[in-house]
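With compact mmCIF, C-alpha atoms and all ligand atoms inside, this is data_22.txt:
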```
# COMPACT_ATOMS: atom_id res chain seq x y z
CA MET A 137 0.00 0.00 0.00
CA ILE A 138 2.86 2.42 0.80
CA GLY A 139 4.16 1.94 -2.73
CA ALA A 140 0.85 3.29 -4.07
CA ILE A 141 1.27 6.67 -2.35
CA ILE A 142 4.52 7.58 -4.14
CA SER A 143 3.09 8.94 -7.36
CA PRO A 144 0.20 11.07 -5.92
CA LEU A 145 2.42 12.27 -3.07
CA LEU A 146 5.24 13.45 -5.35
CA THR A 147 2.81 15.01 -7.82
CA TRP A 148 1.27 16.98 -4.94
CA TYR A 149 4.72 17.99 -3.62
CA ASP A 150 5.96 19.05 -7.06
CA ALA A 151 2.87 21.20 -7.58
CA GLY A 152 3.96 23.49 -4.73
CA HIS A 153 5.35 23.43 -1.23
CA ARG A 154 6.58 25.88 1.39
CA ASP A 155 9.49 28.00 0.28
CA LEU A 156 12.02 27.24 3.01
CA PRO A 157 15.71 28.24 2.83
CA TRP A 158 16.98 24.66 3.41
CA ARG A 159 14.79 23.36 0.58
CA LYS A 160 16.81 25.37 -1.93
CA THR A 161 20.09 23.59 -1.24
CA LYS A 162 21.73 20.20 -1.46
CA ASN A 163 24.54 21.29 0.87
CA PRO A 164 24.62 18.49 3.48
CA TYR A 165 25.84 20.85 6.24
CA HIS A 166 22.91 23.22 5.67
CA ILE A 167 20.43 20.34 5.61
CA TRP A 168 21.97 18.88 8.77
CA LEU A 169 21.79 22.22 10.61
CA SER A 170 18.17 22.82 9.58
CA GLU A 171 17.12 19.32 10.66
CA ILE A 172 18.71 19.71 14.10
CA MET A 173 17.08 23.12 14.57
CA LEU A 174 13.71 21.84 13.36
CA GLN A 175 13.72 19.18 16.07
CA GLN A 176 13.32 21.95 18.61
CA THR A 177 10.79 24.42 17.33
CA ARG A 178 8.47 25.58 14.57
CA VAL A 179 9.64 26.27 11.03
CA GLU A 180 8.95 30.04 11.22
CA ALA A 181 11.01 30.33 14.41
CA VAL A 182 13.93 28.36 12.92
CA ILE A 183 14.48 30.54 9.82
CA PRO A 184 16.21 33.51 11.54
CA TYR A 185 18.33 31.16 13.71
CA TYR A 186 19.33 29.15 10.64
CA GLU A 187 20.33 32.24 8.66
CA ARG A 188 22.27 33.81 11.54
CA PHE A 189 24.09 30.56 12.33
CA LEU A 190 25.21 30.19 8.71
CA GLN A 191 26.42 33.78 8.58
CA VAL A 192 28.77 33.11 11.51
CA CYS A 193 29.56 29.46 10.71
CA PRO A 194 29.18 29.18 6.91
CA ASP A 195 30.89 25.78 6.67
CA ILE A 196 31.85 22.76 8.75
CA GLN A 197 35.47 23.89 9.18
CA THR A 198 34.39 27.22 10.64
CA LEU A 199 31.92 25.54 12.98
CA ALA A 200 34.58 23.10 14.17
CA ALA A 201 36.83 26.05 15.11
CA THR A 202 34.08 28.19 16.70
CA PRO A 203 34.41 28.73 20.48
CA GLU A 204 31.71 27.41 22.79
CA ASN A 205 30.45 30.82 23.93
CA VAL A 206 29.87 31.86 20.29
CA TYR A 207 27.89 28.81 19.15
CA LEU A 208 25.90 28.72 22.41
CA LYS A 209 24.99 32.36 21.87
CA LEU A 210 23.82 31.57 18.33
CA TRP A 211 21.60 28.85 19.81
CA GLU A 212 20.27 31.02 22.63
CA GLY A 213 16.49 30.68 22.87
CA LEU A 214 16.28 27.44 20.91
CA GLY A 215 16.86 25.26 23.99
CA TYR A 216 18.30 21.72 24.08
CA TYR A 217 21.84 23.08 24.10
CA SER A 218 23.32 19.57 23.99
CA ARG A 219 22.24 19.55 20.33
CA VAL A 220 24.49 22.44 19.36
CA ARG A 221 27.33 20.94 21.38
CA ASN A 222 26.89 17.70 19.43
CA LEU A 223 26.78 19.66 16.19
CA HIS A 224 30.12 21.23 17.11
CA ARG A 225 31.66 17.90 18.16
CA ALA A 226 30.43 16.24 14.98
CA ALA A 227 31.94 19.08 12.90
CA GLN A 228 35.29 18.38 14.57
CA VAL A 229 34.98 14.64 13.85
CA ILE A 230 34.11 15.40 10.20
CA CYS A 231 37.24 17.59 9.93
CA GLN A 232 39.47 15.00 11.60
CA THR A 233 38.07 11.88 9.95
CA TYR A 234 36.45 12.90 6.67
CA GLY A 235 38.59 15.82 5.52
CA GLY A 236 35.87 18.35 6.36
CA GLN A 237 33.27 16.77 4.03
CA MET A 238 30.16 15.09 5.39
CA PRO A 239 30.31 11.38 4.54
CA ALA A 240 27.86 10.40 1.78
CA ASP A 241 27.00 7.24 3.67
CA TYR A 242 24.02 6.59 5.96
CA ASP A 243 25.90 4.34 8.42
CA ALA A 244 28.85 6.74 8.67
CA LEU A 245 26.45 9.65 9.31
CA ARG A 246 24.79 7.60 12.08
CA THR A 247 28.10 7.38 13.96
CA LEU A 248 28.46 11.17 14.26
CA PRO A 249 27.53 12.82 17.59
CA GLY A 250 23.88 13.86 17.71
CA ILE A 251 22.92 12.20 14.41
CA GLY A 252 20.28 9.50 14.81
CA ASP A 253 18.23 7.50 12.29
CA TYR A 254 16.03 10.45 11.40
CA THR A 255 18.75 13.05 10.79
CA ALA A 256 20.99 10.55 8.98
CA GLY A 257 18.04 9.61 6.76
CA ALA A 258 17.25 13.25 6.00
CA ILE A 259 20.85 14.18 5.12
CA ALA A 260 21.50 10.97 3.17
CA SER A 261 18.33 11.23 1.10
CA ILE A 262 18.13 14.99 0.51
CA ALA A 263 21.82 15.82 0.05
CA PHE A 264 23.12 12.57 -1.43
CA GLY A 265 20.07 10.90 -3.01
CA ILE A 266 20.51 7.76 -0.87
CA ALA A 267 17.29 5.74 -0.48
CA GLN A 268 16.83 5.96 3.30
CA PRO A 269 13.63 7.13 5.01
CA ALA A 270 13.62 10.04 7.47
CA VAL A 271 11.00 9.16 10.05
CA ASP A 272 10.04 11.97 12.40
CA GLY A 273 6.78 12.64 14.24
CA ASN A 274 5.12 14.00 11.10
CA VAL A 275 6.00 10.92 9.07
CA LEU A 276 4.90 8.56 11.87
CA ARG A 277 1.54 10.34 12.03
CA VAL A 278 0.98 10.21 8.27
CA THR A 279 2.07 6.57 7.99
CA THR A 280 -0.01 5.26 10.89
CA ARG A 281 -3.07 7.09 9.56
CA LEU A 282 -2.54 5.76 6.05
CA LEU A 283 -2.32 2.23 7.46
CA ASN A 284 -4.98 2.70 10.16
CA ASP A 285 -2.29 1.44 12.53
CA THR A 286 -3.52 1.74 16.12
CA ARG A 287 -0.23 0.82 17.80
CA SER A 288 1.55 3.49 19.85
CA ILE A 289 4.05 5.55 17.88
CA ASP A 290 6.05 5.95 21.10
CA ASP A 291 6.85 2.24 21.06
CA THR A 292 10.38 1.64 19.75
CA LYS A 293 9.41 -1.58 17.99
CA VAL A 294 6.52 0.13 16.19
CA LYS A 295 8.84 2.92 15.01
CA LYS A 296 11.32 0.31 13.80
CA ASP A 297 8.57 -1.57 11.90
CA LEU A 298 7.31 1.60 10.23
CA ARG A 299 10.81 2.68 9.33
CA ALA A 300 11.50 -0.73 7.76
CA LEU A 301 8.25 -0.49 5.79
CA LEU A 302 9.16 2.94 4.45
CA ALA A 303 12.74 1.80 3.70
CA ALA A 304 11.37 -1.04 1.60
CA ASN A 305 9.14 1.30 -0.41
CA ILE A 306 11.07 4.56 -0.74
CA PRO A 307 11.57 5.47 -4.41
CA THR A 308 15.24 5.08 -5.30
CA ASP A 309 15.08 7.82 -7.95
CA ARG A 310 13.74 10.56 -5.63
CA PRO A 311 14.24 9.57 -1.98
CA GLY A 312 14.89 13.14 -0.79
CA ALA A 313 11.73 14.47 -2.43
CA PHE A 314 9.72 11.56 -0.99
CA ASN A 315 10.94 12.24 2.56
CA GLN A 316 10.36 15.97 2.26
CA ALA A 317 6.90 15.38 0.78
CA MET A 318 5.95 13.12 3.69
CA MET A 319 7.18 15.75 6.17
CA GLU A 320 5.37 18.50 4.27
CA LEU A 321 2.13 16.53 4.19
CA GLY A 322 2.42 15.92 7.95
CA ALA A 323 3.16 19.58 8.65
CA THR A 324 0.50 21.16 6.43
CA VAL A 325 -2.29 18.65 5.69
CA CYS A 326 -2.15 15.55 7.89
CA ILE A 327 -1.75 17.76 10.93
CA PRO A 328 -1.82 16.59 14.56
CA ASN A 329 -4.43 16.74 17.31
CA GLY A 330 -7.23 14.99 15.47
CA ALA A 331 -7.73 17.69 12.84
CA PRO A 332 -6.26 16.47 9.54
CA ARG A 333 -7.35 18.32 6.40
CA CYS A 334 -8.42 15.13 4.59
CA ASP A 335 -10.58 17.06 2.11
CA ILE A 336 -7.45 18.48 0.45
CA CYS A 337 -5.20 15.45 0.97
CA PRO A 338 -3.70 13.85 -2.16
CA LEU A 339 -3.74 10.45 -0.41
CA MET A 340 -7.35 10.49 0.77
CA HIS A 341 -8.38 7.74 -1.66
CA LEU A 342 -5.68 5.44 -0.20
CA CYS A 343 -5.94 6.35 3.47
CA GLN A 344 -7.27 3.58 5.71
CA ALA A 345 -7.84 5.78 8.77
CA PHE A 346 -9.94 8.16 6.65
CA GLN A 347 -11.99 5.29 5.28
CA GLN A 348 -12.46 3.76 8.75
CA LYS A 349 -13.21 7.22 10.30
CA ASN A 350 -10.29 6.79 12.67
CA THR A 351 -8.32 9.97 11.93
CA ASP A 352 -9.26 11.43 15.34
CA SER A 353 -7.76 8.56 17.31
CA ILE A 354 -4.59 7.91 15.25
CA PRO A 355 -1.72 8.30 15.96
CA VAL A 356 -1.98 6.57 19.32
CA ARG A 357 0.45 7.93 21.93
CA THR A 358 1.63 6.40 25.21
CA PRO A 359 0.68 8.74 28.08
CA LYS A 360 3.70 10.67 29.34
CA LYS A 361 4.84 10.69 32.94
CA ALA A 362 3.99 13.94 34.76
CA ARG A 363 6.86 16.45 34.85
CA ARG A 364 8.70 17.05 38.11
CA ILE A 365 7.96 20.48 39.58
CA GLN A 366 11.06 22.27 40.83
CA PRO A 367 10.65 25.52 42.79
CA ARG A 368 13.39 28.13 42.29
CA THR A 369 14.18 31.57 43.58
CA VAL A 370 16.03 33.53 40.89
CA LEU A 371 18.15 36.53 41.84
CA LEU A 372 18.77 39.38 39.44
CA VAL A 373 21.80 40.77 41.26
CA ARG A 374 22.98 44.28 40.41
CA CYS A 375 25.86 46.40 41.54
CA GLY A 376 25.87 49.77 39.82
CA GLN A 377 25.63 49.05 36.06
CA GLN A 378 26.93 45.47 36.46
CA ILE A 379 24.89 42.27 36.72
CA GLY A 380 26.08 39.17 38.59
CA ILE A 381 25.75 35.87 36.76
CA CYS A 382 27.18 32.38 37.25
CA GLN A 383 27.82 29.28 35.19
CA ARG A 384 25.87 26.04 35.61
CA PRO A 385 27.68 22.75 36.33
CA ALA A 386 29.42 20.89 33.49
CA HIS A 387 26.84 18.09 33.45
CA GLY A 388 23.07 17.84 33.56
CA LEU A 389 20.33 20.29 32.60
CA LEU A 390 21.65 23.39 30.72
CA ALA A 391 25.23 22.25 31.30
CA ARG A 392 27.79 25.10 31.41
CA MET A 393 25.18 27.71 30.43
CA TRP A 394 25.18 31.08 32.16
CA GLU A 395 22.35 31.89 34.55
CA PHE A 396 21.20 34.23 37.24
CA PRO A 397 22.09 32.87 40.68
CA ALA A 398 19.24 30.89 42.19
CA PHE A 399 18.10 28.78 45.12
CA GLU A 400 16.32 25.49 44.44
CA GLU A 401 13.43 26.42 46.70
CA HIS A 402 11.04 29.32 47.12
CA ILE A 403 12.31 31.88 49.60
CA ALA A 404 9.62 34.21 50.91
CA PRO A 405 10.01 38.03 50.65
CA GLN A 406 10.38 38.36 54.42
CA ASP A 407 13.26 35.83 54.45
CA ILE A 408 15.32 36.65 51.37
CA GLY A 409 17.20 39.60 52.89
CA GLN A 410 18.32 37.59 55.91
CA THR A 411 19.27 34.58 53.77
CA LEU A 412 21.58 36.71 51.62
CA THR A 413 23.03 38.71 54.52
CA LYS A 414 23.93 35.44 56.26
CA ARG A 415 25.94 34.57 53.17
CA GLY A 416 27.82 37.83 53.48
CA TRP A 417 26.11 39.64 50.60
CA PRO A 418 26.11 43.46 51.14
CA VAL A 419 22.45 43.94 50.19
CA THR A 420 21.14 47.50 49.93
CA ASN A 421 17.77 46.94 48.28
CA ILE A 422 15.38 44.11 47.36
CA LEU A 423 12.51 44.22 44.90
CA ALA A 424 10.17 41.29 44.15
CA LEU A 425 9.87 40.39 40.43
CA GLN A 426 7.01 38.77 38.53
CA PRO A 427 6.99 34.97 39.03
CA ALA A 428 7.63 32.87 35.90
CA LYS A 429 7.37 29.26 34.79
CA HIS A 430 9.58 27.37 32.38
CA ILE A 431 8.83 23.94 31.00
CA PHE A 432 11.59 21.49 30.07
CA THR A 433 10.94 17.98 28.75
CA HIS A 434 10.80 16.32 32.18
CA ILE A 435 10.92 19.21 34.63
CA GLU A 436 9.02 22.43 35.27
CA TRP A 437 10.73 25.32 36.97
CA HIS A 438 8.29 27.38 39.01
CA MET A 439 10.29 30.54 39.63
CA ILE A 440 9.89 33.50 41.89
CA GLY A 441 12.45 36.27 41.60
CA TYR A 442 14.03 39.24 43.32
CA GLU A 443 16.07 42.11 42.03
CA ILE A 444 18.91 42.54 44.52
CA GLN A 445 21.11 45.63 44.76
CA LEU A 446 24.55 45.15 46.30
CA LYS A 447 26.88 47.74 47.74
CA GLN A 448 30.00 46.02 46.33
CA PRO A 449 30.38 43.13 43.91
CA ILE A 450 30.98 39.70 45.46
CA ASP A 451 33.59 37.21 44.26
CA GLN A 452 31.20 34.27 43.79
CA LEU A 453 29.62 35.91 40.73
CA THR A 454 30.87 36.98 37.31
CA TRP A 455 30.05 40.66 36.69
CA VAL A 456 28.92 41.74 33.25
CA SER A 457 27.19 44.72 31.66
CA ALA A 458 23.63 44.47 30.29
CA HIS A 459 25.15 44.81 26.80
CA GLU A 460 27.52 41.87 27.38
CA LEU A 461 24.69 39.80 28.80
CA ARG A 462 22.63 40.39 25.68
CA HIS A 463 25.40 39.95 23.13
CA THR A 464 28.15 37.74 24.58
CA TYR A 465 26.75 35.39 27.19
CA ALA A 466 24.24 32.67 26.29
CA LEU A 467 21.40 32.86 28.76
CA PRO A 468 18.76 30.10 28.53
CA SER A 469 15.27 31.27 27.63
CA ALA A 470 14.11 30.05 31.06
CA PHE A 471 15.40 33.38 32.40
CA ARG A 472 14.01 35.59 29.68
CA SER A 473 11.10 36.94 31.66
CA PHE A 474 13.52 38.28 34.30
CA LEU A 475 15.59 40.05 31.65
CA SER A 476 12.88 42.64 31.00
CA VAL A 477 14.06 44.38 34.20
CA LEU A 478 17.33 45.18 32.41
CA GLU A 479 15.70 46.86 29.43
CA GLU A 480 16.38 50.34 30.77
CA MET A 481 20.10 49.57 31.22
FE1 LIG B 1 -3.92 12.24 6.83
FE2 LIG B 1 -6.48 12.58 6.17
FE3 LIG B 1 -4.60 12.38 4.29
FE4 LIG B 1 -5.29 10.28 5.71
S1 LIG B 1 -6.58 11.40 4.31
S2 LIG B 1 -3.21 10.90 5.19
S3 LIG B 1 -5.67 11.20 7.71
S4 LIG B 1 -4.82 14.02 5.82
```

As structure tokens, the full file:
Amino acid sequence: MIGAIISPLLTWYDAGHRDLPWRKTKNPYHIWLSEIMLQQTRVEAVIPYYERFLQVCPDIQTLAATPENVYLKLWEGLGYYSRVRNLHRAAQVICQTYGGQMPADYDALRTLPGIGDYTAGAIASIAFGIAQPAVDGNVLRVTTRLLNDTRSIDDTKVKKDLRALLAANIPTDRPGAFNQAMMELGATVCIPNGAPRCDICPLMHLCQAFQQKNTDSIPVRTPKKARRIQPRTVLLVRCGQQIGICQRPAHGLLARMWEFPAFEEHIAPQDIGQTLTKRGWPVTNILALQPAKHIFTHIEWHMIGYEIQLKQPIDQLTWVSAHELRHTYALPSAFRSFLSVLEEM
């Protein structure tokens, strides 16, 4: 049945699709970068990040030689910073092992840091015309609906089965176009949350879920575990025109990113002054800030915040200007809401 979708799907794709910057190139580095960025956020949000990243790191050699603070800054706001670290490590491996050229080989791509089945399939098929599927959430949704497959798409064995099915049917003459067409159909027509636009779908006549009236219930997902709630008290510490920041530990969530100092608990307004004075901080003024929430994959930070004025800077913090904080230091978007206080600086 999957074989039957190729012709109507490609005809539909060829008739017109979104005009995205990474669709105009066969440069494997550009395709790789776009695919990693697209794993984190919406297409419209990725475009400016993609263009800015390529201005600073136009090729793999430049990326491999780019310092951490620069590539983290370019990624600021996208989240999942381990992905850009892997991108950088993989660029170094490509320079050391493959002479700075991405290997035109699916298995070799799979061995690079941060490149899994999906990304390797996308690069191999789009840049090199290798017949490998690229199976992301969009493609899983489209495929399970086409097949009226009621198994959970979060099950590793199910994903493996569907990938094998697509691998056996992918057209060898246009694998990149096929993968992009499947992604495009999933992003624009066979959209999630039980609302596919079947009336304009080029595969409606072949789709089993449509015929069985099951499009609302497919794809089936395994319920996720509830996120862990972590209370935090964030301190926007100022001393004159300088702001005190610190670096997170080398491992774990937001590893080595810069942040505002924080306590992993909520400290009430009547207690914060005493808590800081006990630590030897020369506090002259305290102002409560608007609380904020930030959601990670498995954790939620429920943050309260205070703006703290100090008489002198303290050694435990790194002191930077508001300009440096905006332009040099990568600050995770979790802290963005507290940054508005600095707008007048
Ligand atoms: Fe998706 Fe509807 Fe098309 Fe089936 S007919 S592939 S459910 S949009």

Please list as a compact mmCIF listing (two decimals) with C-alpha atoms, keeping the file's coordinate frame every residue within 12 Å of Phe314 in chain A, counting all atoms listed in the file and excluding residues in the same chain fewer than 6 positions away.
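Wrote it out as part.txt, contents follow:
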```
# COMPACT_ATOMS: atom_id res chain seq x y z
CA ILE A 138 2.86 2.42 0.80
CA GLY A 139 4.16 1.94 -2.73
CA ILE A 141 1.27 6.67 -2.35
CA ILE A 142 4.52 7.58 -4.14
CA SER A 143 3.09 8.94 -7.36
CA PRO A 144 0.20 11.07 -5.92
CA LEU A 145 2.42 12.27 -3.07
CA LEU A 146 5.24 13.45 -5.35
CA THR A 147 2.81 15.01 -7.82
CA TRP A 148 1.27 16.98 -4.94
CA TYR A 149 4.72 17.99 -3.62
CA ASP A 150 5.96 19.05 -7.06
CA GLY A 257 18.04 9.61 6.76
CA ALA A 258 17.25 13.25 6.00
CA SER A 261 18.33 11.23 1.10
CA ILE A 262 18.13 14.99 0.51
CA GLY A 265 20.07 10.90 -3.01
CA ILE A 266 20.51 7.76 -0.87
CA ALA A 267 17.29 5.74 -0.48
CA GLN A 268 16.83 5.96 3.30
CA PRO A 269 13.63 7.13 5.01
CA ALA A 270 13.62 10.04 7.47
CA VAL A 271 11.00 9.16 10.05
CA VAL A 275 6.00 10.92 9.07
CA LEU A 302 9.16 2.94 4.45
CA ALA A 303 12.74 1.80 3.70
CA ASN A 305 9.14 1.30 -0.41
CA ILE A 306 11.07 4.56 -0.74
CA PRO A 307 11.57 5.47 -4.41
CA THR A 308 15.24 5.08 -5.30
CA GLU A 320 5.37 18.50 4.27
CA LEU A 321 2.13 16.53 4.19
```

* Environment of ligand LIG 1 (chain B) within 9 Å, counting all atoms listed in the file, reported as a PyMOL selection string -> chain A and resi 277-284+321-322+324-327+330-347+349-352+354

Expected file contents, prior selection, C-alpha atoms, as a PDB file, keeping the file's coordinate frame:
```
ATOM      1  CA  ARG A 277       1.540  10.340  12.030  1.00  0.00           C
ATOM      2  CA  VAL A 278       0.980  10.210   8.270  1.00  0.00           C
ATOM      3  CA  THR A 279       2.070   6.570   7.990  1.00  0.00           C
ATOM      4  CA  THR A 280      -0.010   5.260  10.890  1.00  0.00           C
ATOM      5  CA  ARG A 281      -3.070   7.090   9.560  1.00  0.00           C
ATOM      6  CA  LEU A 282      -2.540   5.760   6.050  1.00  0.00           C
ATOM      7  CA  LEU A 283      -2.320   2.230   7.460  1.00  0.00           C
ATOM      8  CA  ASN A 284      -4.980   2.700  10.160  1.00  0.00           C
ATOM      9  CA  LEU A 321       2.130  16.530   4.190  1.00  0.00           C
ATOM     10  CA  GLY A 322       2.420  15.920   7.950  1.00  0.00           C
ATOM     11  CA  THR A 324       0.500  21.160   6.430  1.00  0.00           C
ATOM     12  CA  VAL A 325      -2.290  18.650   5.690  1.00  0.00           C
ATOM     13  CA  CYS A 326      -2.150  15.550   7.890  1.00  0.00           C
ATOM     14  CA  ILE A 327      -1.750  17.760  10.930  1.00  0.00           C
ATOM     15  CA  GLY A 330      -7.230  14.990  15.470  1.00  0.00           C
ATOM     16  CA  ALA A 331      -7.730  17.690  12.840  1.00  0.00           C
ATOM     17  CA  PRO A 332      -6.260  16.470   9.540  1.00  0.00           C
ATOM     18  CA  ARG A 333      -7.350  18.320   6.400  1.00  0.00           C
ATOM     19  CA  CYS A 334      -8.420  15.130   4.590  1.00  0.00           C
ATOM     20  CA  ASP A 335     -10.580  17.060   2.110  1.00  0.00           C
ATOM     21  CA  ILE A 336      -7.450  18.480   0.450  1.00  0.00           C
ATOM     22  CA  CYS A 337      -5.200  15.450   0.970  1.00  0.00           C
ATOM     23  CA  PRO A 338      -3.700  13.850  -2.160  1.00  0.00           C
ATOM     24  CA  LEU A 339      -3.740  10.450  -0.410  1.00  0.00           C
ATOM     25  CA  MET A 340      -7.350  10.490   0.770  1.00  0.00           C
ATOM     26  CA  HIS A 341      -8.380   7.740  -1.660  1.00  0.00           C
ATOM     27  CA  LEU A 342      -5.680   5.440  -0.200  1.00  0.00           C
ATOM     28  CA  CYS A 343      -5.940   6.350   3.470  1.00  0.00           C
ATOM     29  CA  GLN A 344      -7.270   3.580   5.710  1.00  0.00           C
ATOM     30  CA  ALA A 345      -7.840   5.780   8.770  1.00  0.00           C
ATOM     31  CA  PHE A 346      -9.940   8.160   6.650  1.00  0.00           C
ATOM     32  CA  GLN A 347     -11.990   5.290   5.280  1.00  0.00           C
ATOM     33  CA  LYS A 349     -13.210   7.220  10.300  1.00  0.00           C
ATOM     34  CA  ASN A 350     -10.290   6.790  12.670  1.00  0.00           C
ATOM     35  CA  THR A 351      -8.320   9.970  11.930  1.00  0.00           C
ATOM     36  CA  ASP A 352      -9.260  11.430  15.340  1.00  0.00           C
ATOM     37  CA  ILE A 354      -4.590   7.910  15.250  1.00  0.00           C
TER      38      ILE A 354
END
```

* Dig up all the protein and nucleic acid residues within 9 Å of (29.1, 44.1, 37.8) in the file frame, using only C-alpha atoms, and format them as a count of residues only. => 16

So for range 436-446 of chain A, what box centre and size do we get, axis-aligned, 3 Å extra on each of the six sides, every listed atom, Å to one decimal, as JSON?
```
{"center_x": 16.4, "center_y": 34.0, "center_z": 40.8, "size_x": 22.3, "size_y": 29.2, "size_z": 17.0}
```

* Asked: Pick from A:Tyr217, A:Tyr465, A:Phe474, A:Trp417: nearest to Met439 in chain A, with only C-alpha atoms counted?
  -> A:Phe474

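We find CA of Val192 in chain A and CA of Leu223 in chain A to be spaced 14.4 Å apart.
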
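Rounded to one decimal, CA of Phe264 in chain A and CA of Ile167 in chain A lie 10.8 Å from each other.
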
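Proximity of A:Val206, A:Ile289, A:Leu389, A:Ala240 to Cys193 in chain A, computed with only C-alpha atoms, is greatest for A:Val206.
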
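Each of A:His387, A:Arg219, A:Arg299, A:His438 was checked against Ser170 in chain A using all atoms listed in the file; the smallest atom-to-atom distance is that of A:Arg219.
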
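Across the model, the gap from CA of Asp272 in chain A to CA of Gln175 in chain A is 8.9 Å.
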
Atoms kept (N, CA, C and O atoms) for range 352-366 of chain A, as a CSV table (one decimal), in the first residue's frame:
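Just written: out.csv:
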```
chain,number,residue,atom,x,y,z
A,352,ASP,N,-9.3,10.7,14.0
A,352,ASP,CA,-9.3,11.4,15.3
A,352,ASP,C,-8.4,10.7,16.4
A,352,ASP,O,-7.8,11.3,17.2
A,353,SER,N,-8.4,9.4,16.3
A,353,SER,CA,-7.8,8.6,17.3
A,353,SER,C,-6.4,8.1,16.9
A,353,SER,O,-5.7,7.5,17.7
A,354,ILE,N,-5.9,8.3,15.7
A,354,ILE,CA,-4.6,7.9,15.2
A,354,ILE,C,-3.8,9.2,14.9
A,354,ILE,O,-4.4,10.1,14.3
A,355,PRO,N,-2.6,9.3,15.3
A,355,PRO,CA,-1.7,8.3,16.0
A,355,PRO,C,-2.0,8.1,17.4
A,355,PRO,O,-2.4,9.1,18.1
A,356,VAL,N,-1.8,6.9,17.9
A,356,VAL,CA,-2.0,6.6,19.3
A,356,VAL,C,-0.7,6.9,20.0
A,356,VAL,O,0.4,6.6,19.5
A,357,ARG,N,-0.7,7.6,21.2
A,357,ARG,CA,0.5,7.9,21.9
A,357,ARG,C,0.4,7.3,23.3
A,357,ARG,O,-0.7,7.0,23.8
A,358,THR,N,1.5,6.9,23.8
A,358,THR,CA,1.6,6.4,25.2
A,358,THR,C,1.6,7.6,26.2
A,358,THR,O,2.4,8.5,26.0
A,359,PRO,N,0.7,7.6,27.2
A,359,PRO,CA,0.7,8.7,28.1
A,359,PRO,C,2.0,9.0,28.7
A,359,PRO,O,2.8,8.1,29.1
A,360,LYS,N,2.4,10.3,28.8
A,360,LYS,CA,3.7,10.7,29.3
A,360,LYS,C,3.6,10.8,30.8
A,360,LYS,O,2.6,11.1,31.4
A,361,LYS,N,4.8,10.5,31.5
A,361,LYS,CA,4.8,10.7,32.9
A,361,LYS,C,4.7,12.2,33.2
A,361,LYS,O,5.2,13.0,32.5
A,362,ALA,N,4.1,12.5,34.4
A,362,ALA,CA,4.0,13.9,34.8
A,362,ALA,C,5.4,14.5,35.0
A,362,ALA,O,6.3,13.8,35.4
A,363,ARG,N,5.6,15.8,34.6
A,363,ARG,CA,6.9,16.5,34.8
A,363,ARG,C,7.1,16.7,36.3
A,363,ARG,O,6.1,16.9,37.1
A,364,ARG,N,8.3,16.7,36.7
A,364,ARG,CA,8.7,17.0,38.1
A,364,ARG,C,8.7,18.6,38.3
A,364,ARG,O,9.2,19.3,37.4
A,365,ILE,N,8.0,19.0,39.3
A,365,ILE,CA,8.0,20.5,39.6
A,365,ILE,C,9.1,20.9,40.5
A,365,ILE,O,9.4,20.2,41.5
A,366,GLN,N,9.9,21.8,40.0
A,366,GLN,CA,11.1,22.3,40.8
A,366,GLN,C,10.9,23.8,41.2
A,366,GLN,O,10.9,24.6,40.2
```
